[in-house]
Structures are given as C-alpha cells and as structure tokens.
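The file protein13.cif contains mmCIF, C-alpha atoms:
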data_target
#
loop_
_atom_site.group_PDB
_atom_site.id
_atom_site.type_symbol
_atom_site.label_atom_id
_atom_site.label_comp_id
_atom_site.auth_asym_id
_atom_site.auth_seq_id
_atom_site.Cartn_x
_atom_site.Cartn_y
_atom_site.Cartn_z
ATOM 1 C CA MET L 188 0.000 0.000 0.000
ATOM 2 C CA THR L 189 2.877 2.407 0.626
ATOM 3 C CA GLN L 190 3.709 2.311 -3.106
ATOM 4 C CA LEU L 191 0.283 3.673 -4.222
ATOM 5 C CA GLN L 192 0.126 7.160 -5.720
ATOM 6 C CA PHE L 193 -3.285 8.845 -5.832
ATOM 7 C CA ARG L 194 -5.028 12.117 -5.071
ATOM 8 C CA ARG L 195 -6.839 12.515 -1.758
ATOM 9 C CA ASN L 196 -9.891 14.451 -2.985
ATOM 10 C CA ARG L 197 -11.782 13.608 0.214
ATOM 11 C CA ARG L 198 -9.683 16.095 2.151
ATOM 12 C CA LEU L 199 -12.025 18.855 0.975
ATOM 13 C CA ARG L 200 -15.076 16.954 2.265
ATOM 14 C CA ASN L 201 -13.864 16.394 5.830
ATOM 15 C CA SER L 202 -16.394 18.685 7.548
ATOM 16 C CA SER L 203 -19.536 20.638 6.761
ATOM 17 C CA THR L 204 -17.567 23.877 7.154
ATOM 18 C CA ILE L 205 -14.921 22.855 4.620
ATOM 19 C CA ARG L 206 -17.590 21.607 2.242
ATOM 20 C CA SER L 207 -19.331 24.964 2.529
ATOM 21 C CA MET L 208 -16.095 26.865 1.936
ATOM 22 C CA VAL L 209 -15.356 25.117 -1.355
ATOM 23 C CA ARG L 210 -18.933 24.830 -2.619
ATOM 24 C CA GLU L 211 -19.032 25.817 -6.283
ATOM 25 C CA THR L 212 -22.753 26.486 -6.722
ATOM 26 C CA ILE L 213 -24.779 28.532 -4.232
ATOM 27 C CA LEU L 214 -28.582 28.470 -4.271
ATOM 28 C CA ARG L 215 -30.220 31.605 -2.821
ATOM 29 C CA LYS L 216 -33.785 32.779 -2.284
ATOM 30 C CA GLU L 217 -32.862 35.799 -4.423
ATOM 31 C CA ASP L 218 -32.621 33.383 -7.388
ATOM 32 C CA PHE L 219 -36.344 32.585 -7.317
ATOM 33 C CA ILE L 220 -39.309 33.794 -9.352
ATOM 34 C CA TYR L 221 -42.674 32.567 -8.055
ATOM 35 C CA PRO L 222 -45.470 31.860 -10.580
ATOM 36 C CA MET L 223 -48.983 32.982 -9.618
ATOM 37 C CA PHE L 224 -52.368 32.315 -11.256
ATOM 38 C CA VAL L 225 -54.896 35.138 -11.052
ATOM 39 C CA ILE L 226 -58.554 34.480 -11.854
ATOM 40 C CA GLU L 227 -61.706 36.551 -12.138
ATOM 41 C CA GLY L 228 -64.252 36.347 -9.318
ATOM 42 C CA GLU L 229 -64.445 37.017 -5.605
ATOM 43 C CA ASN L 230 -63.090 35.075 -2.638
ATOM 44 C CA VAL L 231 -61.555 32.464 -4.944
ATOM 45 C CA LYS L 232 -58.692 30.312 -3.729
ATOM 46 C CA ASN L 233 -58.871 27.145 -5.779
ATOM 47 C CA GLU L 234 -56.152 24.600 -5.139
ATOM 48 C CA ILE L 235 -55.062 23.136 -8.455
ATOM 49 C CA ARG L 236 -55.810 19.432 -8.354
ATOM 50 C CA SER L 237 -52.617 18.389 -10.105
ATOM 51 C CA MET L 238 -50.396 20.925 -8.308
ATOM 52 C CA PRO L 239 -50.781 20.547 -4.528
ATOM 53 C CA GLY L 240 -50.140 23.804 -2.705
ATOM 54 C CA ILE L 241 -50.646 26.016 -5.780
ATOM 55 C CA HIS L 242 -53.855 28.014 -6.189
ATOM 56 C CA GLN L 243 -55.887 30.077 -8.564
ATOM 57 C CA LEU L 244 -56.480 33.365 -6.713
ATOM 58 C CA SER L 245 -59.005 36.135 -7.236
ATOM 59 C CA LEU L 246 -57.822 39.703 -6.777
ATOM 60 C CA ASP L 247 -59.281 39.971 -3.284
ATOM 61 C CA ARG L 248 -57.247 36.929 -2.187
ATOM 62 C CA LEU L 249 -54.118 37.680 -4.209
ATOM 63 C CA MET L 250 -52.421 39.910 -1.660
ATOM 64 C CA GLU L 251 -52.430 37.191 1.009
ATOM 65 C CA GLU L 252 -50.010 35.215 -1.114
ATOM 66 C CA VAL L 253 -48.065 38.272 -2.227
ATOM 67 C CA GLU L 254 -47.486 39.242 1.414
ATOM 68 C CA GLU L 255 -46.101 35.763 2.069
ATOM 69 C CA VAL L 256 -43.807 35.976 -0.948
ATOM 70 C CA VAL L 257 -42.476 39.357 0.181
ATOM 71 C CA SER L 258 -41.985 38.196 3.770
ATOM 72 C CA LEU L 259 -39.860 35.285 2.529
ATOM 73 C CA GLY L 260 -37.561 37.574 0.575
ATOM 74 C CA ILE L 261 -38.485 36.213 -2.857
ATOM 75 C CA PRO L 262 -37.745 39.106 -5.227
ATOM 76 C CA ALA L 263 -40.131 38.469 -8.126
ATOM 77 C CA VAL L 264 -43.409 36.906 -9.246
ATOM 78 C CA ILE L 265 -44.673 36.044 -12.710
ATOM 79 C CA LEU L 266 -48.403 36.442 -13.335
ATOM 80 C CA PHE L 267 -50.648 34.190 -15.425
ATOM 81 C CA GLY L 268 -54.255 35.247 -15.952
ATOM 82 C CA ILE L 269 -57.493 33.299 -16.276
ATOM 83 C CA PRO L 270 -60.181 35.579 -17.728
ATOM 84 C CA ALA L 271 -63.932 35.275 -17.269
ATOM 85 C CA GLU L 272 -64.482 35.059 -21.015
ATOM 86 C CA LYS L 273 -62.385 33.845 -23.942
ATOM 87 C CA ASP L 274 -62.565 34.541 -27.663
ATOM 88 C CA ALA L 275 -60.762 33.639 -30.871
ATOM 89 C CA LYS L 276 -58.239 36.505 -30.609
ATOM 90 C CA GLY L 277 -57.586 36.391 -26.879
ATOM 91 C CA THR L 278 -58.906 39.923 -26.391
ATOM 92 C CA GLY L 279 -58.608 39.688 -22.617
ATOM 93 C CA ALA L 280 -54.831 39.501 -22.910
ATOM 94 C CA PHE L 281 -54.509 43.090 -24.166
ATOM 95 C CA ASP L 282 -57.487 44.616 -22.322
ATOM 96 C CA ASP L 283 -56.195 47.417 -20.086
ATOM 97 C CA GLU L 284 -58.707 46.193 -17.493
ATOM 98 C CA GLY L 285 -57.715 42.555 -17.947
ATOM 99 C CA ILE L 286 -57.035 40.302 -15.004
ATOM 100 C CA VAL L 287 -53.216 40.465 -15.204
ATOM 101 C CA GLN L 288 -53.266 44.225 -15.692
ATOM 102 C CA ARG L 289 -55.434 44.757 -12.606
ATOM 103 C CA ALA L 290 -53.364 42.311 -10.562
ATOM 104 C CA THR L 291 -50.181 44.115 -11.584
ATOM 105 C CA ARG L 292 -51.529 47.503 -10.509
ATOM 106 C CA LEU L 293 -52.653 46.063 -7.180
ATOM 107 C CA ILE L 294 -49.302 44.464 -6.414
ATOM 108 C CA LYS L 295 -47.244 47.480 -7.454
ATOM 109 C CA GLU L 296 -49.430 49.784 -5.359
ATOM 110 C CA LYS L 297 -48.846 47.722 -2.209
ATOM 111 C CA HIS L 298 -45.329 46.422 -2.890
ATOM 112 C CA PRO L 299 -43.530 48.564 -5.469
ATOM 113 C CA GLU L 300 -40.238 46.820 -4.665
ATOM 114 C CA LEU L 301 -41.532 43.397 -5.728
ATOM 115 C CA VAL L 302 -40.634 42.699 -9.357
ATOM 116 C CA VAL L 303 -43.758 41.823 -11.354
ATOM 117 C CA ILE L 304 -43.184 39.818 -14.537
ATOM 118 C CA ALA L 305 -46.113 39.546 -16.941
ATOM 119 C CA ASP L 306 -46.413 36.366 -18.972
ATOM 120 C CA THR L 307 -47.217 37.598 -22.470
ATOM 121 C CA CYS L 308 -49.186 34.991 -24.367
ATOM 122 C CA LEU L 309 -52.672 34.392 -25.728
ATOM 123 C CA CYS L 310 -53.359 30.755 -24.868
ATOM 124 C CA GLU L 311 -55.089 31.492 -21.547
ATOM 125 C CA TYR L 312 -57.358 33.990 -23.307
ATOM 126 C CA THR L 313 -58.284 32.209 -26.560
ATOM 127 C CA ASP L 314 -61.270 29.904 -26.848
ATOM 128 C CA HIS L 315 -59.157 27.512 -28.950
ATOM 129 C CA GLY L 316 -56.268 27.410 -26.438
ATOM 130 C CA HIS L 317 -53.504 28.177 -28.927
ATOM 131 C CA CYS L 318 -50.871 30.887 -28.511
ATOM 132 C CA GLY L 319 -51.814 32.927 -31.568
ATOM 133 C CA VAL L 320 -54.346 33.683 -34.261
ATOM 134 C CA VAL L 321 -55.857 30.539 -35.808
ATOM 135 C CA HIS L 322 -57.112 30.161 -39.377
ATOM 136 C CA ASP L 323 -58.233 26.793 -40.752
ATOM 137 C CA ALA L 324 -56.557 25.003 -37.832
ATOM 138 C CA ASP L 325 -53.250 26.748 -38.571
ATOM 139 C CA VAL L 326 -51.615 29.051 -36.016
ATOM 140 C CA LEU L 327 -50.636 32.142 -37.982
ATOM 141 C CA ASN L 328 -47.317 33.687 -37.070
ATOM 142 C CA ASP L 329 -47.344 37.297 -38.262
ATOM 143 C CA PRO L 330 -50.933 38.269 -37.352
ATOM 144 C CA SER L 331 -50.234 36.906 -33.867
ATOM 145 C CA LEU L 332 -47.309 39.323 -33.444
ATOM 146 C CA ASP L 333 -49.623 42.334 -33.552
ATOM 147 C CA LEU L 334 -51.745 40.982 -30.704
ATOM 148 C CA LEU L 335 -48.719 40.003 -28.636
ATOM 149 C CA ALA L 336 -47.247 43.467 -29.045
ATOM 150 C CA LYS L 337 -50.531 45.045 -27.922
ATOM 151 C CA THR L 338 -50.565 42.723 -24.905
ATOM 152 C CA ALA L 339 -47.014 43.674 -23.914
ATOM 153 C CA VAL L 340 -47.757 47.403 -24.106
ATOM 154 C CA SER L 341 -50.929 46.990 -22.053
ATOM 155 C CA GLN L 342 -49.024 45.034 -19.387
ATOM 156 C CA ALA L 343 -46.260 47.649 -19.281
ATOM 157 C CA LYS L 344 -48.845 50.440 -18.915
ATOM 158 C CA ALA L 345 -50.252 48.543 -15.925
ATOM 159 C CA GLY L 346 -46.843 48.633 -14.245
ATOM 160 C CA ALA L 347 -45.214 45.322 -15.136
ATOM 161 C CA ASP L 348 -41.471 45.501 -14.525
ATOM 162 C CA ILE L 349 -40.588 42.787 -17.068
ATOM 163 C CA ILE L 350 -42.412 41.419 -20.112
ATOM 164 C CA ALA L 351 -42.076 37.655 -20.605
ATOM 165 C CA PRO L 352 -43.386 36.503 -24.002
ATOM 166 C CA SER L 353 -43.959 32.748 -24.048
ATOM 167 C CA ASN L 354 -45.713 32.125 -27.356
ATOM 168 C CA MET L 355 -42.752 30.992 -29.536
ATOM 169 C CA MET L 356 -43.888 32.890 -32.623
ATOM 170 C CA ASP L 357 -40.971 33.797 -34.903
ATOM 171 C CA GLY L 358 -40.103 37.474 -34.459
ATOM 172 C CA PHE L 359 -42.005 37.883 -31.202
ATOM 173 C CA VAL L 360 -39.129 39.600 -29.402
ATOM 174 C CA VAL L 361 -38.452 42.251 -32.036
ATOM 175 C CA ALA L 362 -42.184 42.941 -32.465
ATOM 176 C CA ILE L 363 -42.625 43.449 -28.734
ATOM 177 C CA ARG L 364 -39.400 45.456 -28.403
ATOM 178 C CA GLN L 365 -40.489 47.838 -31.134
ATOM 179 C CA ALA L 366 -43.969 48.247 -29.655
ATOM 180 C CA LEU L 367 -42.629 48.882 -26.156
ATOM 181 C CA ASP L 368 -40.115 51.426 -27.413
ATOM 182 C CA GLU L 369 -42.698 53.279 -29.489
ATOM 183 C CA ALA L 370 -45.012 53.429 -26.457
ATOM 184 C CA GLY L 371 -42.279 54.955 -24.289
ATOM 185 C CA PHE L 372 -41.306 51.776 -22.447
ATOM 186 C CA GLU L 373 -37.784 51.459 -23.779
ATOM 187 C CA ASN L 374 -36.502 50.683 -20.259
ATOM 188 C CA ILE L 375 -38.805 47.678 -19.743
ATOM 189 C CA PRO L 376 -36.766 44.475 -20.241
ATOM 190 C CA ILE L 377 -37.951 41.413 -22.145
ATOM 191 C CA MET L 378 -37.516 38.006 -20.502
ATOM 192 C CA SER L 379 -38.006 35.814 -23.544
ATOM 193 C CA TYR L 380 -39.112 32.193 -23.456
ATOM 194 C CA ALA L 381 -36.376 31.760 -26.017
ATOM 195 C CA VAL L 382 -35.980 27.989 -25.774
ATOM 196 C CA LYS L 383 -39.363 26.397 -25.131
ATOM 197 C CA TYR L 384 -39.923 22.764 -25.973
ATOM 198 C CA ALA L 385 -43.215 21.040 -26.862
ATOM 199 C CA SER L 386 -43.080 19.098 -23.622
ATOM 200 C CA ALA L 387 -45.317 16.636 -21.823
ATOM 201 C CA TYR L 388 -44.166 18.254 -18.571
ATOM 202 C CA TYR L 389 -46.668 21.116 -19.029
ATOM 203 C CA GLY L 390 -49.762 19.048 -18.253
ATOM 204 C CA PRO L 391 -50.544 20.369 -14.755
ATOM 205 C CA PHE L 392 -50.019 23.983 -15.889
ATOM 206 C CA ARG L 393 -52.876 23.565 -18.327
ATOM 207 C CA ASP L 394 -55.116 22.691 -15.381
ATOM 208 C CA ALA L 395 -53.907 25.799 -13.568
ATOM 209 C CA ALA L 396 -54.191 28.238 -16.471
ATOM 210 C CA GLU L 397 -57.165 26.489 -18.144
ATOM 211 C CA SER L 398 -55.242 26.728 -21.413
ATOM 212 C CA ALA L 399 -55.211 23.290 -23.017
ATOM 213 C CA PRO L 400 -55.480 23.412 -26.847
ATOM 214 C CA GLN L 401 -58.960 22.555 -28.056
ATOM 215 C CA PHE L 402 -57.517 20.838 -31.132
ATOM 216 C CA GLY L 403 -54.134 19.558 -32.223
ATOM 217 C CA ASP L 404 -51.008 20.440 -30.276
ATOM 218 C CA ARG L 405 -48.302 23.126 -30.169
ATOM 219 C CA LYS L 406 -45.574 21.238 -31.987
ATOM 220 C CA THR L 407 -45.571 23.575 -34.998
ATOM 221 C CA TYR L 408 -44.347 26.453 -32.846
ATOM 222 C CA GLN L 409 -42.769 24.915 -29.744
ATOM 223 C CA MET L 410 -39.519 22.986 -30.162
ATOM 224 C CA ASP L 411 -38.921 19.290 -30.761
ATOM 225 C CA PRO L 412 -37.521 17.736 -27.525
ATOM 226 C CA ALA L 413 -34.987 15.790 -29.606
ATOM 227 C CA ASN L 414 -33.253 18.925 -30.881
ATOM 228 C CA ARG L 415 -30.197 20.574 -29.369
ATOM 229 C CA MET L 416 -28.691 22.871 -32.019
ATOM 230 C CA GLU L 417 -32.097 24.385 -32.702
ATOM 231 C CA ALA L 418 -32.022 25.782 -29.173
ATOM 232 C CA LEU L 419 -28.914 27.786 -29.987
ATOM 233 C CA ARG L 420 -30.544 29.154 -33.140
ATOM 234 C CA GLU L 421 -33.609 30.205 -31.162
ATOM 235 C CA ALA L 422 -31.488 31.817 -28.445
ATOM 236 C CA GLU L 423 -29.350 33.642 -31.004
ATOM 237 C CA SER L 424 -32.446 35.009 -32.740
ATOM 238 C CA ASP L 425 -33.804 36.449 -29.514
ATOM 239 C CA VAL L 426 -30.476 38.020 -28.570
ATOM 240 C CA ILE L 427 -30.322 39.744 -31.970
ATOM 241 C CA GLU L 428 -33.955 40.880 -31.637
ATOM 242 C CA GLY L 429 -33.349 42.576 -28.282
ATOM 243 C CA ALA L 430 -34.128 40.139 -25.458
ATOM 244 C CA ASP L 431 -32.677 40.925 -22.031
ATOM 245 C CA PHE L 432 -33.112 37.474 -20.415
ATOM 246 C CA LEU L 433 -33.434 34.021 -22.009
ATOM 247 C CA ILE L 434 -35.673 31.327 -20.514
ATOM 248 C CA VAL L 435 -35.083 27.609 -21.011
ATOM 249 C CA LYS L 436 -38.284 25.608 -20.510
ATOM 250 C CA PRO L 437 -38.606 22.931 -19.154
ATOM 251 C CA ALA L 438 -35.550 22.850 -16.920
ATOM 252 C CA LEU L 439 -34.885 19.445 -15.403
ATOM 253 C CA SER L 440 -34.862 17.341 -18.573
ATOM 254 C CA TYR L 441 -33.038 20.078 -20.499
ATOM 255 C CA LEU L 442 -30.056 20.859 -18.271
ATOM 256 C CA ASP L 443 -27.725 20.121 -21.181
ATOM 257 C CA ILE L 444 -29.542 22.751 -23.232
ATOM 258 C CA MET L 445 -29.300 25.237 -20.395
ATOM 259 C CA ARG L 446 -25.536 24.786 -20.242
ATOM 260 C CA ASP L 447 -25.285 25.156 -24.031
ATOM 261 C CA VAL L 448 -27.234 28.415 -23.900
ATOM 262 C CA LYS L 449 -25.195 29.731 -20.971
ATOM 263 C CA ASN L 450 -21.951 28.930 -22.765
ATOM 264 C CA ASN L 451 -23.048 30.718 -25.944
ATOM 265 C CA VAL L 452 -24.793 33.905 -24.800
ATOM 266 C CA LEU L 453 -23.925 36.739 -22.475
ATOM 267 C CA LEU L 454 -27.465 37.391 -21.221
ATOM 268 C CA PRO L 455 -28.886 36.104 -17.923
ATOM 269 C CA VAL L 456 -30.396 32.631 -18.307
ATOM 270 C CA VAL L 457 -33.626 31.680 -16.535
ATOM 271 C CA ALA L 458 -34.672 28.096 -15.801
ATOM 272 C CA TYR L 459 -38.402 27.370 -15.705
ATOM 273 C CA ASN L 460 -38.910 24.484 -13.261
ATOM 274 C CA VAL L 461 -42.254 23.582 -14.799
ATOM 275 C CA SER L 462 -45.500 22.200 -13.422
ATOM 276 C CA GLY L 463 -44.899 18.538 -14.277
ATOM 277 C CA GLU L 464 -41.527 18.602 -12.551
ATOM 278 C CA TYR L 465 -43.173 20.145 -9.482
ATOM 279 C CA SER L 466 -46.105 17.749 -9.429
ATOM 280 C CA MET L 467 -43.966 14.614 -9.646
ATOM 281 C CA VAL L 468 -41.987 15.712 -6.611
ATOM 282 C CA LYS L 469 -45.135 16.577 -4.667
ATOM 283 C CA ALA L 470 -46.772 13.245 -5.496
ATOM 284 C CA ALA L 471 -43.713 11.255 -4.458
ATOM 285 C CA ALA L 472 -43.375 13.287 -1.259
ATOM 286 C CA GLN L 473 -47.025 12.790 -0.348
ATOM 287 C CA ASN L 474 -46.518 9.034 -0.721
ATOM 288 C CA GLY L 475 -43.482 9.136 1.556
ATOM 289 C CA TRP L 476 -41.166 7.924 -1.191
ATOM 290 C CA ILE L 477 -38.694 10.828 -1.055
ATOM 291 C CA ASN L 478 -37.429 13.535 1.259
ATOM 292 C CA GLU L 479 -39.121 16.553 -0.351
ATOM 293 C CA GLN L 480 -36.781 19.193 1.048
ATOM 294 C CA GLU L 481 -33.619 17.407 0.000
ATOM 295 C CA ILE L 482 -34.971 16.553 -3.463
ATOM 296 C CA VAL L 483 -36.187 20.089 -4.157
ATOM 297 C CA LEU L 484 -32.988 21.814 -3.054
ATOM 298 C CA GLU L 485 -30.850 19.327 -4.989
ATOM 299 C CA THR L 486 -32.990 19.789 -8.091
ATOM 300 C CA LEU L 487 -32.880 23.584 -7.950
ATOM 301 C CA THR L 488 -29.133 23.497 -7.330
ATOM 302 C CA SER L 489 -28.702 21.352 -10.449
ATOM 303 C CA MET L 490 -30.377 24.091 -12.487
ATOM 304 C CA LYS L 491 -28.004 26.723 -11.171
ATOM 305 C CA ARG L 492 -25.057 24.404 -11.746
ATOM 306 C CA ALA L 493 -26.201 23.937 -15.343
ATOM 307 C CA GLY L 494 -26.066 27.688 -15.901
ATOM 308 C CA ALA L 495 -29.298 29.240 -14.652
ATOM 309 C CA ASP L 496 -28.959 32.690 -13.131
ATOM 310 C CA LEU L 497 -32.604 32.714 -12.034
ATOM 311 C CA ILE L 498 -35.185 29.966 -11.481
ATOM 312 C CA MET L 499 -38.956 30.159 -11.972
ATOM 313 C CA THR L 500 -40.304 27.555 -9.598
ATOM 314 C CA TYR L 501 -43.510 26.620 -7.803
ATOM 315 C CA HIS L 502 -41.256 25.411 -4.985
ATOM 316 C CA ALA L 503 -40.038 28.972 -4.353
ATOM 317 C CA LYS L 504 -41.818 29.577 -1.038
ATOM 318 C CA ASP L 505 -40.830 26.243 0.481
ATOM 319 C CA ALA L 506 -37.280 26.498 -0.848
ATOM 320 C CA ALA L 507 -36.877 29.992 0.570
ATOM 321 C CA ARG L 508 -37.924 28.715 3.994
ATOM 322 C CA TRP L 509 -35.601 25.712 3.831
ATOM 323 C CA LEU L 510 -32.640 27.855 2.800
ATOM 324 C CA GLU L 511 -33.291 30.032 5.852
ATOM 325 C CA GLY L 512 -33.465 26.938 8.049
ATOM 326 C CA LYS L 513 -37.188 27.329 8.746
#

Would you put the structure from the file into structure tokens?
Amino acid sequence: MTQLQFRRNRRLRNSSTIRSMVRETILRKEDFIYPMFVIEGENVKNEIRSMPGIHQLSLDRLMEEVEEVVSLGIPAVILFGIPAEKDAKGTGAFDDEGIVQRATRLIKEKHPELVVIADTCLCEYTDHGHCGVVHDADVLNDPSLDLLAKTAVSQAKAGADIIAPSNMMDGFVVAIRQALDEAGFENIPIMSYAVKYASAYYGPFRDAAESAPQFGDRKTYQMDPANRMEALREAESDVIEGADFLIVKPALSYLDIMRDVKNNVLLPVVAYNVSGEYSMVKAAAQNGWINEQEIVLETLTSMKRAGADLIMTYHAKDAARWLEGK
C-alpha cells in the first residue's frame, strides 16, 4: 500500500464547514421567481388538483399570497391570468382592465419593490387554447405578433417591470421590443421564453391556467424535444432581436440545453422548473417515497449548476424557507 500514488480528494469533504467553503454552486432565495395564477371572481382560492399547494387566486385573495412571498424575501413573481371570457383573438390579454393588468396595478401599489413579470401569451385567453391567431386550424405567425405586441404594451402600462413573451412565434421579441419602445417603455426588459420545448411536462399547468389546446397540439411552434442545435438558433435570434433574459423551458430534462445556452450567450439565463416537474416531486413526497426538502434543493441546485442565473419555480416559497433553516 505504501507504493500507491493517488489524489486525496476527500480532504475537501472532511467537515460541513470545509464543504461549505469550497462549494461551487450557491442556491439563494434571491434566485427565485414565483409563478402565480390570477382568476376573475371574488373570494376564490382554488387549489389546483394536479399541483398541490398552488392556487388560482381572485384579486381579493391575491395579496395574502403576495405578502407571504415578500416576507420570505423572494424578489419576483410572474403572473398568469385566467379571464372570465375567452374569444378567438384572446382579447382579454390586451385589455387594459384585464385580469393580469389589474393584478399588476394592485401588487405594485402595495409592494412597489416586488418585481412583477407579466407572462405575455394568448393561450389562456383564446377559446381555442392556442398561442396565436388561428385560421383553418393553422396558427398564424405574423398576425399573432400584432396581438402580442398590444398585450405587452398593455401590461407595461399597468406597471409590469418585465415582459415575458412565451408564445414561440418567430419574431415575437423584435415585435414586442419595437412596440414597447414606441409606447415609451424602452426601459422595460424582455424576458423571452427563447428555448421552449413542446413538452409533456406542461400538463398540470394547463389545469392551472385552463389553457389546453382545443384541437391539435403546439408542436408547430414549440420545439422538438430531440433537438439541441435548434435551441442555440432560437437563443441567437432572440439576442439579436433585443431580449434581455433568455428562458429555457422545461428545466430538469433540459439541463444540457441550459448549459449550451449559458456557454453561448452573455445574457442572464432563466430556468423554468415547470408544473410537471413540481407535481412529480409533490406526489412522491405525499406518498413518503422521497425527502421533499432534499430533493427540491438538490434539483434547484442542479439548475443553477447547469447555468441558470434565475429559477422560476412553484417550490419557491418552500425552498426559501428551507434555505433560511425554517
């Protein structure tokens, strides 16, 4: 044994203090963005069946959750709206008195320091459930851009700090950037869903946002899960068009893509830890099969390690508590 030559890598694991000192990836509550679902009505707090612990909230119940988010030190929320009525063009998305617009004004009035991100899409507002204008069962790209630009301007007028277009229409970033600039919102950043795959992991979200397509699927505009280089083309397009952040969605099954994007762009990268990823953890935890706290913190850390600067996650409130030792 005295003749063996090898490295003693375990020396840096000898104690929790040493491990902490040399830790390469640090997860913080300041990394989190908490998604919230706002719905028309009064005294509504509907727990989403497939997403335990997550609720649809009416405006009169919204601030209860916002106060909790603020008290935990989570810096930002992203708002998804469920309107009372839907139509073919998703008119409620760009109505200045729409549900997200009113929620934004309410939050910014009470907590101006909380960053409000507005999800900019049409699927929650259209009666067909697609993310753009539909003609003969085809989702039309260019006519959809006009409506998305109107939605972004309306959300910015309501006080949104960041616009987050999620529709995956070609040219959506430049169309929104131009509209925002022309409306005097040149300082409002765009957090683009630049790399968004046509994923089965979105199922529970469609329960939450009531946005399932009424026909077909979204594979003609969201990305093929088998493709890697396409993600870099999509990211490059959005950088050129004026995006300020790039989202990779989903996160957990696309950590390789996240690292590719981080290695190839200079913008902040955002991981979206999506509904299916959340729900699987919750289901396993409720059955006693896993340690929820350890699994969640390890999962979120893997996203940061893969290159995420920020993480959208339904686990944000619990994770913030766990990181504070609560």

For Lys436 in chain L, which residue among L:Gly358, L:Gly319, L:Gly463, L:Pro239 is the nearest when counting all atoms listed in the file? L:Gly463

Translate the PyMOL selection byres ((chain L and resi 338) around 10), as applied to the file shown, into an explicit residue set as a ChimeraX atom specification. /L:277-283,285,288,305-309,332-337,339-344,350,352,363,366

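Using only C-alpha atoms, the smallest distance between any of L:Asp325, L:Glu423, L:Glu255, L:Glu485 and Tyr408 in chain L comes from L:Asp325.
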
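Omitting range 426-434 of chain L and its sequence neighbours fewer than 3 positions away, and counting only C-alpha atoms, the residues within 7 Å are Val360, Val361, Arg364, Pro376, Ile377, Met378, Ser379, Tyr380, Ala381, Val382, Ala422, Glu423, Leu454, Pro455, Val456, Val457, Ala458 and Tyr459 of chain L.
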
Would you write out, as CSV, a table of all residues in range 207-228 of chain L that have an atom no more than 9 Å from an atom of range 498-504 of chain L, listing for each the closest atom pair and the distance in Å to one decimal, considering only C-alpha atoms and ordering rows by chain and rising residue number?
residue,atom,partner,partner_atom,distance
L:Lys216,CA,L:Ala503,CA,7.6
L:Asp218,CA,L:Ile498,CA,5.9
L:Phe219,CA,L:Ile498,CA,5.1
L:Ile220,CA,L:Met499,CA,4.5
L:Tyr221,CA,L:Thr500,CA,5.8
L:Pro222,CA,L:Tyr501,CA,6.2
L:Met223,CA,L:Tyr501,CA,8.6

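Residues surrounding Lys513 in chain L within 12 Å are Leu259, Gln480, Lys504, Asp505, Ala506, Ala507, Arg508 and Trp509 of chain L [all atoms listed in the file; sequence separation below 4 positions excluded].
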
Go ahead and save the picked residues with C-alpha atoms, as a PDB file, in the coordinates of the input.
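Full text of result_35.pdb as output:
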ATOM      1  CA  LEU L 259     -39.860  35.285   2.529  1.00  0.00           C
ATOM      2  CA  GLN L 480     -36.781  19.193   1.048  1.00  0.00           C
ATOM      3  CA  LYS L 504     -41.818  29.577  -1.038  1.00  0.00           C
ATOM      4  CA  ASP L 505     -40.830  26.243   0.481  1.00  0.00           C
ATOM      5  CA  ALA L 506     -37.280  26.498  -0.848  1.00  0.00           C
ATOM      6  CA  ALA L 507     -36.877  29.992   0.570  1.00  0.00           C
ATOM      7  CA  ARG L 508     -37.924  28.715   3.994  1.00  0.00           C
ATOM      8  CA  TRP L 509     -35.601  25.712   3.831  1.00  0.00           C
TER       9      TRP L 509
END

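For the atom pair formed by CA of Phe224 in chain L and CA of Phe267 in chain L, the distance is 4.9 Å, given to one decimal.
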
Carefully work through the PyMOL selection byres ((chain L and resi 213) around 9) for this structure and note down the residues it includes, as a ChimeraX atom specification. /L:210-212,214-215,488,491-492

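As for CA of Val302 in chain L and CA of Asp348 in chain L, they are spaced 5.9 Å apart.
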
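Atom to atom, CA of Glu234 in chain L and CA of Glu252 in chain L stand 12.9 Å apart.
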